[in-house]
>>> print(open('model08.cif').read())   # mmCIF, C-alpha atoms and all ligand atoms
data_protein
#
loop_
_atom_site.label_atom_id
_atom_site.label_comp_id
_atom_site.auth_asym_id
_atom_site.auth_seq_id
_atom_site.Cartn_x
_atom_site.Cartn_y
_atom_site.Cartn_z
CA MET A 682 0.00 0.00 0.00
CA ILE A 683 1.37 3.44 -0.88
CA ALA A 684 1.40 5.84 2.08
CA LEU A 685 0.42 9.41 1.22
CA PRO A 686 3.09 11.95 2.19
CA GLN A 687 2.27 13.72 5.43
CA SER A 688 2.03 17.49 5.66
CA LYS A 689 5.43 19.10 6.24
CA SER A 690 4.00 21.39 8.93
CA VAL A 691 5.48 20.65 12.32
CA LEU A 692 2.34 22.05 13.91
CA LEU A 693 -0.37 19.60 14.93
CA ASN A 694 -3.50 21.03 13.33
CA MET A 695 -6.42 20.87 15.73
CA SER A 696 -8.19 23.93 14.36
CA GLY A 697 -10.27 21.94 11.85
CA ASN A 698 -13.17 19.73 12.90
CA LEU A 699 -12.96 16.88 10.42
CA PRO A 700 -14.25 13.46 11.39
CA PRO A 701 -11.47 11.16 12.61
CA LYS A 702 -10.21 8.69 10.03
CA VAL A 703 -11.45 5.14 10.60
CA PRO A 704 -9.51 3.04 8.04
CA GLN A 705 -10.48 -0.27 9.67
CA ALA A 706 -14.13 0.45 8.88
CA PHE A 707 -13.76 2.61 5.78
CA ASP A 708 -11.14 1.14 3.48
CA GLU A 709 -12.55 -2.28 2.70
CA VAL A 710 -16.16 -1.20 2.24
CA TYR A 711 -15.12 1.78 0.11
CA ARG A 712 -13.00 -0.45 -2.13
CA ALA A 713 -15.87 -2.92 -2.44
CA ALA A 714 -18.30 -0.12 -3.34
CA VAL A 715 -15.99 1.20 -6.08
CA ARG A 716 -15.69 -2.32 -7.51
CA GLN A 717 -19.44 -2.83 -7.34
CA VAL A 718 -20.15 0.43 -9.18
CA LEU A 719 -17.67 -0.43 -11.93
CA THR A 720 -19.23 -3.87 -12.29
CA GLU A 721 -22.87 -2.79 -12.22
CA PHE A 722 -22.56 0.25 -14.51
CA GLU A 723 -20.87 0.77 -17.85
CA PRO A 724 -18.31 3.46 -17.03
CA ASN A 725 -18.94 5.53 -20.12
CA ASP A 726 -22.65 5.34 -19.59
CA LEU A 727 -22.21 6.52 -16.01
CA ILE A 728 -19.82 9.33 -16.81
CA GLY A 729 -20.78 10.27 -20.36
CA ALA A 730 -23.28 13.04 -19.59
CA HIS A 731 -23.91 15.68 -16.92
CA GLN A 732 -26.52 14.91 -14.30
CA PHE A 733 -27.40 18.35 -13.07
CA ARG A 734 -29.36 17.32 -9.98
CA GLY A 735 -27.82 13.84 -9.74
CA SER A 736 -28.89 10.61 -11.41
CA ASP A 737 -32.27 9.12 -10.47
CA ARG A 738 -30.48 6.41 -8.51
CA ASP A 739 -28.32 8.91 -6.61
CA ARG A 740 -31.31 11.05 -5.76
CA ARG A 741 -33.20 8.02 -4.50
CA ALA A 742 -30.20 7.01 -2.35
CA GLY A 743 -29.98 10.62 -1.12
CA ALA A 744 -33.66 10.51 -0.14
CA ARG A 745 -32.94 7.36 1.85
CA PHE A 746 -29.93 9.00 3.50
CA VAL A 747 -31.77 12.15 4.62
CA ALA A 748 -34.69 10.03 5.85
CA ARG A 749 -32.49 9.19 8.85
CA ARG A 750 -33.37 12.68 10.07
CA LEU A 751 -36.74 13.46 8.48
CA PRO A 752 -40.16 12.11 9.48
CA GLU A 753 -40.64 10.59 6.03
CA MET A 754 -38.57 9.91 2.94
CA PRO A 755 -38.80 12.87 0.54
CA ALA A 756 -39.68 12.28 -3.11
CA ALA A 757 -36.51 11.82 -5.18
CA GLU A 758 -37.66 14.77 -7.33
CA ARG A 759 -37.09 17.09 -4.37
CA MET A 760 -33.48 15.91 -3.97
CA VAL A 761 -30.33 17.43 -5.41
CA VAL A 762 -26.95 15.69 -5.15
CA ALA A 763 -23.95 18.02 -5.04
CA ASN A 764 -20.20 17.93 -4.50
CA GLY A 765 -20.41 19.33 -0.99
CA THR A 766 -22.41 21.48 1.36
CA GLN A 767 -20.45 24.58 0.36
CA SER A 768 -21.57 24.24 -3.27
CA ILE A 769 -25.18 23.86 -2.20
CA LEU A 770 -24.95 26.93 0.03
CA LEU A 771 -23.34 28.98 -2.73
CA MET A 772 -26.03 28.05 -5.23
CA LEU A 773 -28.86 28.70 -2.81
CA LEU A 774 -27.52 31.96 -1.40
CA ALA A 775 -26.86 33.32 -4.89
CA GLY A 776 -30.35 32.39 -6.02
CA LEU A 777 -32.41 33.14 -2.94
CA VAL A 778 -30.65 36.22 -1.55
CA GLY A 779 -28.63 37.91 -4.25
CA ARG A 780 -26.75 41.20 -4.30
CA GLY A 781 -27.76 43.65 -1.58
CA GLY A 782 -30.00 41.15 0.26
CA ARG A 783 -29.52 39.95 3.83
CA VAL A 784 -28.97 36.61 5.57
CA ALA A 785 -29.76 36.13 9.26
CA LEU A 786 -27.60 33.68 11.16
CA GLU A 787 -26.27 33.06 14.62
CA ALA A 788 -23.76 35.68 15.76
CA LEU A 789 -21.10 32.97 15.89
CA SER A 790 -21.35 30.64 12.93
CA TYR A 791 -19.67 28.82 10.06
CA PRO A 792 -16.99 31.28 8.82
CA THR A 793 -17.51 30.40 5.15
CA LEU A 794 -20.76 32.38 5.29
CA ARG A 795 -18.64 35.53 5.62
CA SER A 796 -16.72 34.63 2.45
CA PHE A 797 -19.97 33.99 0.60
CA ALA A 798 -21.34 37.36 1.77
CA ASP A 799 -18.23 39.07 0.35
CA GLN A 800 -18.32 37.13 -2.91
CA LEU A 801 -22.03 37.54 -3.51
CA ASP A 802 -22.35 40.99 -1.96
CA PHE A 803 -25.09 40.32 0.56
CA GLY A 804 -25.28 41.51 4.18
CA LEU A 805 -25.15 39.38 7.34
CA SER A 806 -27.58 39.99 10.20
CA PRO A 807 -26.12 38.31 13.30
CA VAL A 808 -28.65 37.00 15.82
CA PRO A 809 -27.73 37.03 19.55
CA MET A 810 -27.59 33.53 20.96
CA ASP A 811 -27.55 31.51 24.17
CA ASN A 812 -26.40 27.95 24.78
CA GLU A 813 -29.10 26.57 22.44
CA GLY A 814 -28.35 28.96 19.57
CA ALA A 815 -30.41 31.84 18.13
CA LEU A 816 -32.75 33.52 20.64
CA PRO A 817 -36.31 33.71 19.25
CA ASP A 818 -37.03 37.28 20.42
CA ALA A 819 -33.73 38.53 19.07
CA PHE A 820 -34.34 36.65 15.82
CA GLU A 821 -37.74 38.26 15.45
CA ALA A 822 -36.21 41.70 16.07
CA VAL A 823 -33.65 41.02 13.31
CA CYS A 824 -36.42 39.84 10.95
CA ARG A 825 -38.41 43.01 11.63
CA ALA A 826 -35.47 45.41 11.29
CA ASP A 827 -33.40 43.81 8.50
CA ARG A 828 -35.96 41.77 6.53
CA PRO A 829 -33.50 38.95 5.76
CA ALA A 830 -34.38 36.78 2.76
CA VAL A 831 -32.80 33.71 4.35
CA TYR A 832 -32.00 32.28 7.77
CA TYR A 833 -28.88 30.09 7.66
CA ALA A 834 -29.61 27.61 10.45
CA LEU A 835 -27.13 25.41 12.24
CA PRO A 836 -29.33 24.14 15.07
CA THR A 837 -27.54 20.85 15.70
CA LEU A 838 -24.10 20.83 17.31
CA GLN A 839 -23.73 24.44 16.36
CA ASN A 840 -20.39 25.48 14.90
CA PRO A 841 -18.51 26.66 16.95
CA THR A 842 -20.45 26.60 20.23
CA THR A 843 -21.70 22.95 20.11
CA GLY A 844 -25.26 24.02 21.06
CA ILE A 845 -28.30 21.93 20.21
CA MET A 846 -31.56 23.81 19.79
CA SER A 847 -34.50 22.29 21.65
CA THR A 848 -37.62 21.16 19.82
CA GLU A 849 -39.58 24.02 21.38
CA ARG A 850 -37.03 26.60 20.18
CA ARG A 851 -37.00 25.08 16.70
CA ARG A 852 -40.77 25.38 16.53
CA ALA A 853 -40.63 29.03 17.67
CA ILE A 854 -37.92 29.95 15.14
CA ALA A 855 -39.82 28.21 12.32
CA GLU A 856 -42.96 30.14 13.25
CA ILE A 857 -41.08 33.45 13.07
CA CYS A 858 -39.67 32.48 9.65
CA ARG A 859 -43.21 31.80 8.49
CA ARG A 860 -44.48 35.11 9.85
CA TYR A 861 -41.76 37.11 8.09
CA GLY A 862 -41.48 34.98 4.95
CA VAL A 863 -37.85 34.06 5.69
CA ILE A 864 -36.51 31.06 3.77
CA ILE A 865 -34.64 28.51 5.89
CA ILE A 866 -31.38 26.94 4.73
CA GLU A 867 -30.67 24.31 7.37
CA ASP A 868 -27.18 22.86 7.48
CA ASP A 869 -27.56 19.62 9.44
CA ILE A 870 -24.05 18.36 8.75
CA TYR A 871 -23.22 17.42 12.36
CA SER A 872 -26.43 15.49 12.99
CA LEU A 873 -25.44 11.94 12.10
CA LEU A 874 -23.17 11.15 15.03
CA PRO A 875 -25.60 11.88 17.91
CA GLN A 876 -28.50 9.46 18.21
CA ASP A 877 -30.97 11.38 20.33
CA LEU A 878 -31.61 14.65 18.53
CA PRO A 879 -34.68 16.82 18.09
CA PRO A 880 -36.10 16.74 14.54
CA PRO A 881 -34.60 19.18 12.02
CA LEU A 882 -35.84 22.78 12.06
CA SER A 883 -37.02 22.21 8.48
CA THR A 884 -39.70 19.79 9.65
CA PHE A 885 -41.49 22.68 11.37
CA ALA A 886 -41.73 24.77 8.15
CA PRO A 887 -41.08 22.39 5.25
CA GLU A 888 -42.63 24.74 2.71
CA LEU A 889 -39.92 27.34 3.45
CA SER A 890 -36.99 25.03 3.97
CA TRP A 891 -33.96 23.77 2.10
CA TYR A 892 -32.62 20.90 4.21
CA VAL A 893 -28.91 20.21 3.60
CA LEU A 894 -27.20 17.00 4.76
CA GLY A 895 -23.56 16.52 3.75
CA THR A 896 -21.39 13.46 4.34
CA ALA A 897 -18.19 15.42 5.14
CA LYS A 898 -18.62 15.38 8.93
CA SER A 899 -19.92 11.87 9.38
CA MET A 900 -18.19 9.65 6.81
CA ALA A 901 -15.05 11.29 5.38
CA ALA A 902 -14.15 14.94 4.91
CA ALA A 903 -13.32 14.69 1.21
CA LEU A 904 -16.02 12.28 0.04
CA LYS A 905 -17.51 15.28 -1.78
CA VAL A 906 -21.15 14.26 -1.72
CA ALA A 907 -23.92 16.26 -0.06
CA TYR A 908 -27.68 16.19 -0.44
CA VAL A 909 -30.29 18.92 -0.31
CA VAL A 910 -34.04 18.51 -0.03
CA ALA A 911 -35.85 21.36 -1.78
CA PRO A 912 -39.27 22.55 -0.60
CA THR A 913 -40.75 21.27 -3.88
CA ALA A 914 -39.62 19.37 -6.97
CA GLU A 915 -40.13 22.55 -9.02
CA ALA A 916 -37.90 24.59 -6.70
CA ALA A 917 -35.13 21.97 -6.97
CA ALA A 918 -35.30 22.08 -10.76
CA GLU A 919 -35.40 25.86 -10.83
CA ARG A 920 -32.41 26.45 -8.54
CA PHE A 921 -30.05 23.74 -9.78
CA TRP A 922 -29.81 24.02 -13.52
CA PRO A 923 -26.80 25.22 -15.49
CA GLY A 924 -28.31 28.52 -16.58
CA VAL A 925 -28.69 29.68 -12.97
CA ARG A 926 -25.04 30.44 -12.34
CA ALA A 927 -21.70 29.67 -13.90
CA THR A 928 -20.50 27.50 -11.04
CA TYR A 929 -20.05 23.81 -10.61
CA TRP A 930 -22.02 22.11 -7.87
CA MET A 931 -22.39 18.63 -9.38
CA CYS A 932 -20.57 15.71 -7.83
CA ALA A 933 -18.56 13.45 -10.12
CA PRO A 934 -20.88 10.54 -11.09
CA MET A 935 -18.38 8.03 -9.74
CA ASN A 936 -18.47 9.71 -6.32
CA GLY A 937 -22.23 9.94 -6.27
CA SER A 938 -22.56 6.29 -7.31
CA VAL A 939 -20.10 4.99 -4.73
CA VAL A 940 -21.91 6.79 -1.94
CA SER A 941 -25.27 5.51 -3.27
CA THR A 942 -23.88 1.97 -3.09
CA LEU A 943 -22.65 2.55 0.48
CA ILE A 944 -26.12 3.78 1.42
CA GLU A 945 -27.96 0.95 -0.36
CA THR A 946 -25.77 -1.78 1.15
CA GLY A 947 -26.00 -0.27 4.63
CA GLU A 948 -22.20 0.16 4.77
CA ALA A 949 -22.62 3.92 5.19
CA ASP A 950 -24.04 3.07 8.63
CA ARG A 951 -20.96 1.05 9.54
CA ILE A 952 -18.68 3.93 8.61
CA ILE A 953 -20.77 6.42 10.59
CA ASP A 954 -20.82 4.04 13.57
CA ALA A 955 -17.03 3.82 13.48
CA VAL A 956 -16.61 7.61 13.23
CA ARG A 957 -19.01 7.98 16.17
CA ALA A 958 -17.08 5.44 18.26
CA GLU A 959 -13.72 7.12 17.59
CA THR A 960 -15.20 10.58 18.26
CA ARG A 961 -16.58 9.35 21.59
CA ALA A 962 -13.24 7.83 22.54
CA ARG A 963 -11.49 11.13 21.82
CA GLN A 964 -14.15 13.07 23.71
CA THR A 965 -13.48 10.86 26.74
CA LEU A 966 -9.86 11.96 26.53
CA VAL A 967 -11.01 15.60 26.43
CA THR A 968 -12.99 15.06 29.63
CA GLU A 969 -10.02 13.41 31.31
CA ARG A 970 -7.24 15.68 30.11
CA LEU A 971 -9.06 18.99 30.39
CA ALA A 972 -10.89 18.29 33.65
CA GLY A 973 -11.38 21.60 35.43
CA ALA A 974 -11.24 23.70 32.23
CA ASN A 975 -14.37 25.53 31.08
CA VAL A 976 -15.09 23.12 28.22
CA ARG A 977 -18.35 22.89 26.32
CA THR A 978 -18.92 19.86 24.16
CA ARG A 979 -20.87 16.60 23.73
CA PRO A 980 -19.75 13.00 23.32
CA ASP A 981 -20.69 12.95 19.62
CA CYS A 982 -19.40 16.39 18.68
CA LEU A 983 -16.46 16.95 16.37
CA HIS A 984 -15.37 20.14 18.11
CA VAL A 985 -14.88 21.57 21.56
CA TRP A 986 -15.57 25.14 22.72
CA LEU A 987 -13.19 26.18 25.47
CA SER A 988 -14.03 29.42 27.31
CA LEU A 989 -11.06 31.29 28.71
CA PRO A 990 -10.67 33.46 31.79
CA ASN A 991 -10.54 37.23 31.13
CA SER A 992 -6.87 37.22 32.00
CA ARG A 993 -6.17 35.05 28.93
CA PRO A 994 -7.42 36.72 25.72
CA ALA A 995 -8.14 34.15 23.01
CA ILE A 996 -5.62 35.49 20.47
CA GLY A 997 -2.78 35.26 23.01
CA PHE A 998 -3.94 31.81 24.12
CA VAL A 999 -3.90 30.57 20.51
CA ALA A 1000 -0.31 31.87 20.23
CA ASP A 1001 0.64 30.10 23.48
CA VAL A 1002 -0.79 26.80 22.22
CA ARG A 1003 0.98 27.35 18.91
CA ALA A 1004 4.27 27.81 20.73
CA LEU A 1005 3.66 24.30 22.09
CA GLY A 1006 3.26 22.99 18.54
CA VAL A 1007 -0.53 22.87 18.19
CA GLU A 1008 -2.97 24.92 16.14
CA VAL A 1009 -6.43 25.84 17.47
CA SER A 1010 -8.75 28.67 16.43
CA ALA A 1011 -9.82 31.82 18.26
CA SER A 1012 -13.51 32.65 18.67
CA SER A 1013 -13.16 35.72 16.40
CA THR A 1014 -12.83 33.28 13.45
CA TYR A 1015 -16.55 32.57 13.81
CA ALA A 1016 -17.84 36.07 14.58
CA MET A 1017 -20.31 37.34 12.00
CA ALA A 1018 -20.41 40.97 10.88
CA HIS A 1019 -17.64 42.01 13.30
CA ILE A 1020 -19.61 41.36 16.48
CA PRO A 1021 -17.33 41.13 19.52
CA ALA A 1022 -16.63 37.44 20.11
CA PRO A 1023 -16.68 35.88 23.59
CA ASN A 1024 -13.30 34.91 24.97
CA ALA A 1025 -13.00 31.31 23.78
CA ILE A 1026 -11.28 28.97 21.36
CA ARG A 1027 -12.46 26.01 19.29
CA PHE A 1028 -10.52 22.87 18.57
CA GLY A 1029 -11.47 19.73 16.65
CA MET A 1030 -11.46 15.99 17.22
CA GLY A 1031 -10.50 14.50 13.91
CA THR A 1032 -7.41 16.01 12.29
CA PRO A 1033 -4.77 14.31 14.47
CA ARG A 1034 -4.01 11.01 12.80
CA ASP A 1035 -4.35 8.85 15.89
CA ARG A 1036 -5.29 9.02 19.55
CA ALA A 1037 -1.67 9.45 20.66
CA SER A 1038 -1.27 12.64 18.58
CA PHE A 1039 -4.67 13.83 19.74
CA GLU A 1040 -3.56 13.35 23.36
CA ARG A 1041 -0.39 15.27 22.64
CA GLY A 1042 -2.55 18.14 21.35
CA LEU A 1043 -4.80 18.00 24.41
CA ASP A 1044 -1.80 18.12 26.70
CA ALA A 1045 -0.52 21.24 24.93
CA ILE A 1046 -3.92 22.91 25.30
CA GLY A 1047 -4.06 21.86 28.97
CA GLU A 1048 -0.54 23.15 29.57
CA ALA A 1049 -1.30 26.52 28.00
CA TYR A 1050 -4.52 26.73 30.06
CA LEU A 1051 -2.57 26.33 33.28
CA GLN A 1052 0.12 28.90 32.35
C1 LIG B 1101 -21.32 23.99 9.31
C2 LIG B 1101 -20.52 23.43 8.18
N1 LIG B 1101 -21.14 23.20 6.99
C3 LIG B 1101 -20.44 22.70 5.95
C4 LIG B 1101 -19.09 22.40 6.05
C5 LIG B 1101 -18.34 21.86 4.86
O1 LIG B 1101 -19.06 20.91 4.18
P1 LIG B 1101 -18.59 20.39 2.72
O2 LIG B 1101 -17.19 19.87 2.88
O3 LIG B 1101 -19.59 19.32 2.41
O4 LIG B 1101 -18.66 21.55 1.79
C6 LIG B 1101 -18.44 22.63 7.26
C7 LIG B 1101 -16.99 22.35 7.39
O5 LIG B 1101 -16.30 22.83 8.24
C8 LIG B 1101 -19.17 23.16 8.35
O6 LIG B 1101 -18.59 23.39 9.54
#
>>> encode(input="model08.cif", output="structure tokens", more="lines below")
Ligand SMILES: Cc1ncc(COP(=O)(O)O)c(C=O)c1O
Amino acid sequence: MIALPQSKSVLLNMSGNLPPKVPQAFDEVYRAAVRQVLTEFEPNDLIGAHQFRGSDRDRRAGARFVARRLPEMPAAERMVVANGTQSILLMLLAGLVGRGGRVALEALSYPTLRSFADQLDFGLSPVPMDNEGALPDAFEAVCRADRPAVYYALPTLQNPTTGIMSTERRRAIAEICRRYGVIIIEDDIYSLLPQDLPPPLSTFAPELSWYVLGTAKSMAAALKVAYVVAPTAEAAAERFWPGVRATYWMCAPMNGSVVSTLIETGEADRIIDAVRAETRARQTLVTERLAGANVRTRPDCLHVWLSLPNSRPAIGFVADVRALGVEVSASSTYAMAHIPAPNAIRFGMGTPRDRASFERGLDAIGEAYLQ
């Protein structure tokens, strides 16, 4: 077997929150799925033409995949298969918000939204939050004042704060969206590792919602397959066709097919189970090694939110951890529209190659915390 060259960086990167690699569960079933696809389908037939929303088979497999989280399996016509959540978000934000429009989102959120706002020239309306995420009253005030076209929702294992919005809060937020005609784009990417979650926000206002479920945080970071459920079949067809924008959201047919096979054979479950088990094992190490630190996380979460005392500003703390050979990210990375960020850092579970390197990273964080 050829080993891929490792990054030359001497720093241990714990700033990302990729799922841990689980070669013992992944490699054999992935190889088998590739073989199966190449046996079942004529390669040129599979790859010879664009499939703008994904092949019928891939959309059916996608419907089965998202049904893990939805009350019923959506019609395949409402599904779009794409090469990642980012591509789906870019297509939707360009089409649903556009230049000069506004997007509401939690005050701390997925930093890529800031890049999209710059690229597409729309404004961000940050919503004050508590441990669960967006506060309904504050969200309503933002809807009234800013009239956002879209609410980008990350209600499950919020990035970066790890919050999970309660069912009651989801219902309240959906009701406000309905009242103000705000379209929901729900990014549920962290939802497949926990097993006891409230239903997606989208289920409380399906007519307004685009429900996005990528595989990057539950199976493998670079699988490059994500699914979106559109409110209607017509909306899916309207938003994802080549005349809409000169961008490229489609996944390579080989990728889509391999993931469809993993879903159909049930092997996707085995991979997710293995990622969950390794994440839990690493989270146990967090609890042990950072006992006494102000840590916020969950056993099935790919990141940890560590609040710092006022005497240790986040930027300086990140530099101290870096001096010990480990990279973590300061809270300001996630602050939307220049709101002042709380004094905290985020670090991830999955980038260190094995538990020993992960423990080394935790020890560096713990050492800096005690300085
Ligand atoms: C909230 C959120 N959505 C999406 C992504 C990326 O998903 P993809 O690789 O499928 O584009 C990330 C990765 O960090 C993320 O944190």
>>> residues_near_ligand(input="model08.cif", ligand="ligand LIG 1101 (chain B)", cutoff="6 Å", atoms="all atoms listed in the file", output="MDAnalysis selection string")
chainID A and resid 765:767 791 840 870 895 897 907
>>> closest_residue(input="model08.cif", among="A:Cys858, A:Ala1049, A:Val1007, A:Leu894", to="Pro817 (chain A)", atoms="all atoms listed in the file")
A:Cys858
>>> closest_residue(input="model08.cif", among="A:Pro875, A:Arg741, A:Arg977, A:Arg852", to="Asn812 (chain A)", atoms="all atoms listed in the file")
A:Arg977
>>> closest_residue(input="model08.cif", among="A:Pro829, A:Pro752, A:Gly947, A:Gly735", to="Ser806 (chain A)", atoms="all atoms listed in the file")
A:Pro829
>>> closest_residue(input="model08.cif", among="A:Glu821, A:Asp950, A:Glu1040, A:Asp827", to="Glu856 (chain A)", atoms="only C-alpha atoms")
A:Glu821
>>> closest_residue(input="model08.cif", among="A:Ala901, A:Ala830, A:Met846, A:Leu878", to="Val863 (chain A)", atoms="all atoms listed in the file")
A:Ala830
>>> residues_near_point(input="model08.cif", point="(-28.5, 20.1, -1.8)", cutoff="6 Å", atoms="only C-alpha atoms", output="MDAnalysis selection string")
chainID A and resid 761:763 769 893 908:909
>>> axis_aligned_box(input="model08.cif", around="region 1009-1017 of chain A", padding_each_side="8 Å", output="AutoDock Vina command-line options")
--center_x -13.4 --center_y 31.6 --center_z 15.3 --size_x 29.9 --size_y 27.5 --size_z 22.7
>>> closest_residue(input="model08.cif", among="A:Pro700, A:Gly779, A:Arg951, A:Ala706", to="Asp981 (chain A)", atoms="all atoms listed in the file")
A:Pro700
>>> residues_around(input="model08.cif", residues="Ala742 (chain A)", least_positions_apart="6", cutoff="9 Å", atoms="all atoms listed in the file", output="PyMOL selection string")
chain A and resi 757+940-942+944-945
>>> residues_around(input="model08.cif", residues="Phe803 (chain A)", least_positions_apart="5", cutoff="7 Å", atoms="only C-alpha atoms", output="list of chain:residue names")
A:Gly779, A:Arg780, A:Gly781, A:Gly782, A:Arg783, A:Ala798
>>> residues_around(input="model08.cif", residues="Tyr1015 (chain A)", least_positions_apart="4", cutoff="8 Å", atoms="only C-alpha atoms", output="ChimeraX atom specification")
/A:789-792,841,1022
>>> residues_around(input="model08.cif", residues="Val910 (chain A)", least_positions_apart="5", cutoff="6 Å", atoms="all atoms listed in the file", output="PyMOL selection string")
chain A and resi 759-760+891-892
>>> atom_distance(input="model08.cif", atom1="CA of Thr1014 (chain A)", atom2="CA of Ile1026 (chain A)")
9.1 Å
>>> atom_distance(input="model08.cif", atom1="CA of Cys982 (chain A)", atom2="CA of Thr1032 (chain A)")
13.6 Å
>>> atom_distance(input="model08.cif", atom1="CA of Leu835 (chain A)", atom2="CA of Arg957 (chain A)")
19.6 Å
>>> residues_around(input="model08.cif", residues="Ala714 (chain A)", least_positions_apart="3", cutoff="6 Å", atoms="only C-alpha atoms", output="number ranges by chain")
A: 711, 717, 939, 942
